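**Student:** Take a look at this one; I'll ask things after.
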Amino acid sequence: MSTASAASTDADAPAAPAPPPRRGVFARGSTALVLPALLVVGAFLLAPLALILRYSVDLYDPAKLMQGVFSVDNYVKAFADPFYQNVLGLTAKIAGLSTAIVVVLAFPVAYCISRTRSEKRRSLLIILTVLPLLLGNAVRSAAWMVVMGTKGAANAVILALGLSAEPVAILYTPAAVVIALVSVLLPFAIITLQSVLDAIPDSLEEAARSLGASPLRAVLSAVLPLATPGLVAAGAICFALAMNAYATPVLIGGPKMQMMGPIVYEQIAKVSNWPFGSTLACL
């Protein structure tokens with residue numbers, strides 16, 4: 001009888017939990033999954049960048065294009081020449097201003113998308129955010145030229161409201177380039193911030209509001225500090241894209257607007273000075 005009870009008790013007892021997988025096995029599996037992507041990135045991105053870095057310390061020869069020597073003369077020229085100093089300074093200023101505006105504008109939109117309860121409405125907002133990225137930069141810049149031209153929609157509104165007696169010169173100015181860059185960069189910042197805000201629980205805001213904080217103060221005190229890594233990431237992405245912009249400065253800024261992207265293209269494609277163009281690209 002006791003033997004049968006003991007057997008019954010053993011049968012009813014829960015099975016022992018399976019041992020957790022060893023960390024070494026998990027690490028090897030993760031490495032195997034990541035390795036193909038790393039090989040693709042290394043072959044098609046890192047290798048060409050390393051080649052550009054090598055070209056940047058070469059010297060230009062009109063006959064051979066490159067002399068095959070090691071020299072830092074290109075970097076000395078880039079930093080010592082006032083023209084390239086002004087180009088780099090102007091590019092950094094426009095990129096920094098555009099990035100600051102984009103981050104400020106993107107946070108409320110990303111917060112709205114992240115806190116939307118309806119999945120259908122959330123998906124629609126994400127689609128509307130990503131939709132401008134389907135347009136090429138040249139098409140988008142051409143549209144801005146129509147809007148900001150002397151007889152464009154912006155001047156038509158200004159004249160209709162009586163804000164100016166004559167058309168305002170908007171196109172081919174640094175302000176026009178900033179406006180166009182903001183429109184290009186805004187979707188990147190919104191998507192980056194939205195993914196970060198999704199990971200911040202709503203309970204933190206509810207706790208702040210239960211302690212007497214207003215909705216705005218709850219967001220600023222409970223959400224914004226935790227979203228700082230997302231703000232930094234979005235700012236870094238937008239600043240890099242703004243520094244490398246080509247179509248927007250050429251079409252919106254005009255021939256007098258000298259920025260790094262067009263200068264790099266000019267040195268490599270028109271002058272065939274690959275070493276100096278590579279130096280500017282590295283900068």
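Scheme for the structure tokens: letters A, B, ... for chains in order shown; per-chain residue numbers from 1; ligand numbers from 1 in order shown.
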Near range 111-127 of chain A, counting only C-alpha atoms, which residues have an atom at most 7 Å away, once you skip same-chain residues fewer than 4 positions from it, shown as a VMD selection string?

**Tutor:** chain A and resid 107 131 194 197 to 198

**Student:** Take the residues just selected and output them with all heavy atoms as a CSV table (one decimal), in the first residue's frame.

**Tutor:**
chain,number,residue,atom,x,y,z
A,107,PHE,N,10.1,64.8,-31.8
A,107,PHE,CA,9.7,64.2,-30.5
A,107,PHE,C,8.2,64.2,-30.3
A,107,PHE,O,7.7,63.1,-29.9
A,107,PHE,CB,10.5,64.9,-29.4
A,107,PHE,CG,10.2,64.2,-28.0
A,107,PHE,CD1,11.0,63.1,-27.6
A,107,PHE,CD2,9.2,64.7,-27.2
A,107,PHE,CE1,10.8,62.5,-26.4
A,107,PHE,CE2,9.0,64.1,-25.9
A,107,PHE,CZ,9.8,63.0,-25.6
A,131,LEU,N,6.1,57.6,-45.8
A,131,LEU,CA,5.7,57.9,-47.2
A,131,LEU,C,6.7,58.9,-47.9
A,131,LEU,O,7.0,58.7,-49.1
A,131,LEU,CB,4.3,58.4,-47.3
A,131,LEU,CG,3.6,58.3,-48.7
A,131,LEU,CD1,3.6,56.9,-49.2
A,131,LEU,CD2,2.2,58.9,-48.6
A,194,GLN,N,10.4,57.0,-32.2
A,194,GLN,CA,9.2,56.2,-31.9
A,194,GLN,C,9.6,54.8,-31.4
A,194,GLN,O,9.0,54.3,-30.4
A,194,GLN,CB,8.4,56.1,-33.1
A,194,GLN,CG,7.1,55.3,-33.0
A,194,GLN,CD,7.2,53.9,-33.7
A,194,GLN,OE1,7.7,53.8,-34.8
A,194,GLN,NE2,6.6,52.9,-33.1
A,197,LEU,N,10.6,55.3,-27.7
A,197,LEU,CA,9.5,55.6,-26.8
A,197,LEU,C,8.6,54.4,-26.6
A,197,LEU,O,7.9,54.3,-25.6
A,197,LEU,CB,8.7,56.8,-27.4
A,197,LEU,CG,9.4,58.1,-27.4
A,197,LEU,CD1,8.6,59.2,-28.2
A,197,LEU,CD2,9.6,58.6,-26.0
A,198,ASP,N,8.5,53.5,-27.6
A,198,ASP,CA,7.7,52.3,-27.4
A,198,ASP,C,8.2,51.5,-26.2
A,198,ASP,O,7.4,50.7,-25.6
A,198,ASP,CB,7.8,51.4,-28.6
A,198,ASP,CG,6.9,52.0,-29.7
A,198,ASP,OD1,6.0,52.8,-29.4
A,198,ASP,OD2,7.0,51.6,-30.9

**Student:** I'd like to know which of A:Gly42, A:Phe70, A:Leu211, A:Met257 is closest to Arg54 in chain A, using only C-alpha atoms.

**Tutor:**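 Among A:Gly42, A:Phe70, A:Leu211, A:Met257, it is A:Phe70 that comes nearest to Arg54 in chain A.
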
**Student:** Between CA of Phe44 in chain A and CA of Leu134 in chain A, what is the distance in Å, rounded to a tenth?

**Tutor:**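 CA of Leu134 in chain A lies 23.2 Å from CA of Phe44 in chain A.
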
**Student:** For each of A:Ala281, A:Val41, A:Ala247, A:Met260, take the minimum atom-to-atom distance to Leu181 in chain A, counting only C-alpha atoms, then give the residue where this is smallest.

**Tutor:** A:Ala247

**Student:** So, counting only C-alpha atoms, which residue among A:Ala80, A:Ala63, A:Ala180, A:Val147 is closest to Val250 in chain A?

**Tutor:**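 Smallest separation from Val250 in chain A among the options: A:Ala180.
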
**Student:** Do you have the CA of Leu241 in chain A-CA of Asn86 in chain A distance handy?

**Tutor:** 19.3 Å

**Student:** Find the distance between CA of Met259 in chain A and CA of Ile190 in chain A and write it in Å to one decimal.

**Tutor:**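 CA of Ile190 in chain A lies at a distance of 25.6 Å from CA of Met259 in chain A.
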
**Student:** Could you give me, as a PyMOL selection string, each residue of range 13-145 of chain A that DSSP assigns to strand (DSSP E) when run on this structure's backbone?

**Tutor:** chain A and resi 60-61+65-66

**Student:** Within 12 Å of range 155-160 of chain A, counting only C-alpha atoms, which residues show up once you throw out same-chain ones fewer than 4 positions away? Write them as a list of chain:residue names, please.

**Tutor:** A:Met145, A:Val146, A:Val147, A:Met148, A:Gly149, A:Thr150, A:Lys151, A:Ser164, A:Ala165, A:Glu166, A:Pro167, A:Val168, A:Ala169, A:Ile170, A:Leu171

**Student:** Pull the alpha helix (DSSP H) assignments for range 29-270 of chain A out of DSSP run on the backbone, and list those residues as a PyMOL selection string.

**Tutor:** chain A and resi 29-41+47-56+73-80+82-114+119-130+137-148+153-160+174-198+203-210+215-218+228-243+247-248+260-265

**Student:** Which one is closest to Val271 in chain A: A:Leu224, A:Leu283, A:Leu65, A:Val196? Count only C-alpha atoms.

**Tutor:** A:Leu65

**Student:** With distances taken over only C-alpha atoms, which of A:Val177, A:Leu226, A:Leu193, A:Leu38 is nearest to Ala95 in chain A?

**Tutor:**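 Ranked by minimum distance to Ala95 in chain A, first place goes to A:Val177.
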
**Student:** Restricting the calculation to only C-alpha atoms: of A:Thr173, A:Ser30, A:Thr248, A:Thr228, which residue gets closest to Val139 in chain A?

**Tutor:**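 Closest candidate: A:Thr248.
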
**Student:** Compile the contact shell of Val76 in chain A as a count of residues only: residues with an atom at most 12 Å away, counting only C-alpha atoms, same-chain residues fewer than 5 positions apart removed.

**Tutor:** 11

**Student:** Name all residues at most 12 Å from Ala100 in chain A (count only C-alpha atoms; drop same-chain ones fewer than 4 positions away) and give them as a list in words.

**Tutor:** Lys93, Ile94, Ala95, Gly96, Val104, Leu105, Ala106, Phe107, Val178, Leu181, Val182, Leu185, Leu186, Ala189, Leu231, Val232, Ala234, Gly235, Ala236, Ile237, Cys238, Phe239 and Ala242 of chain A
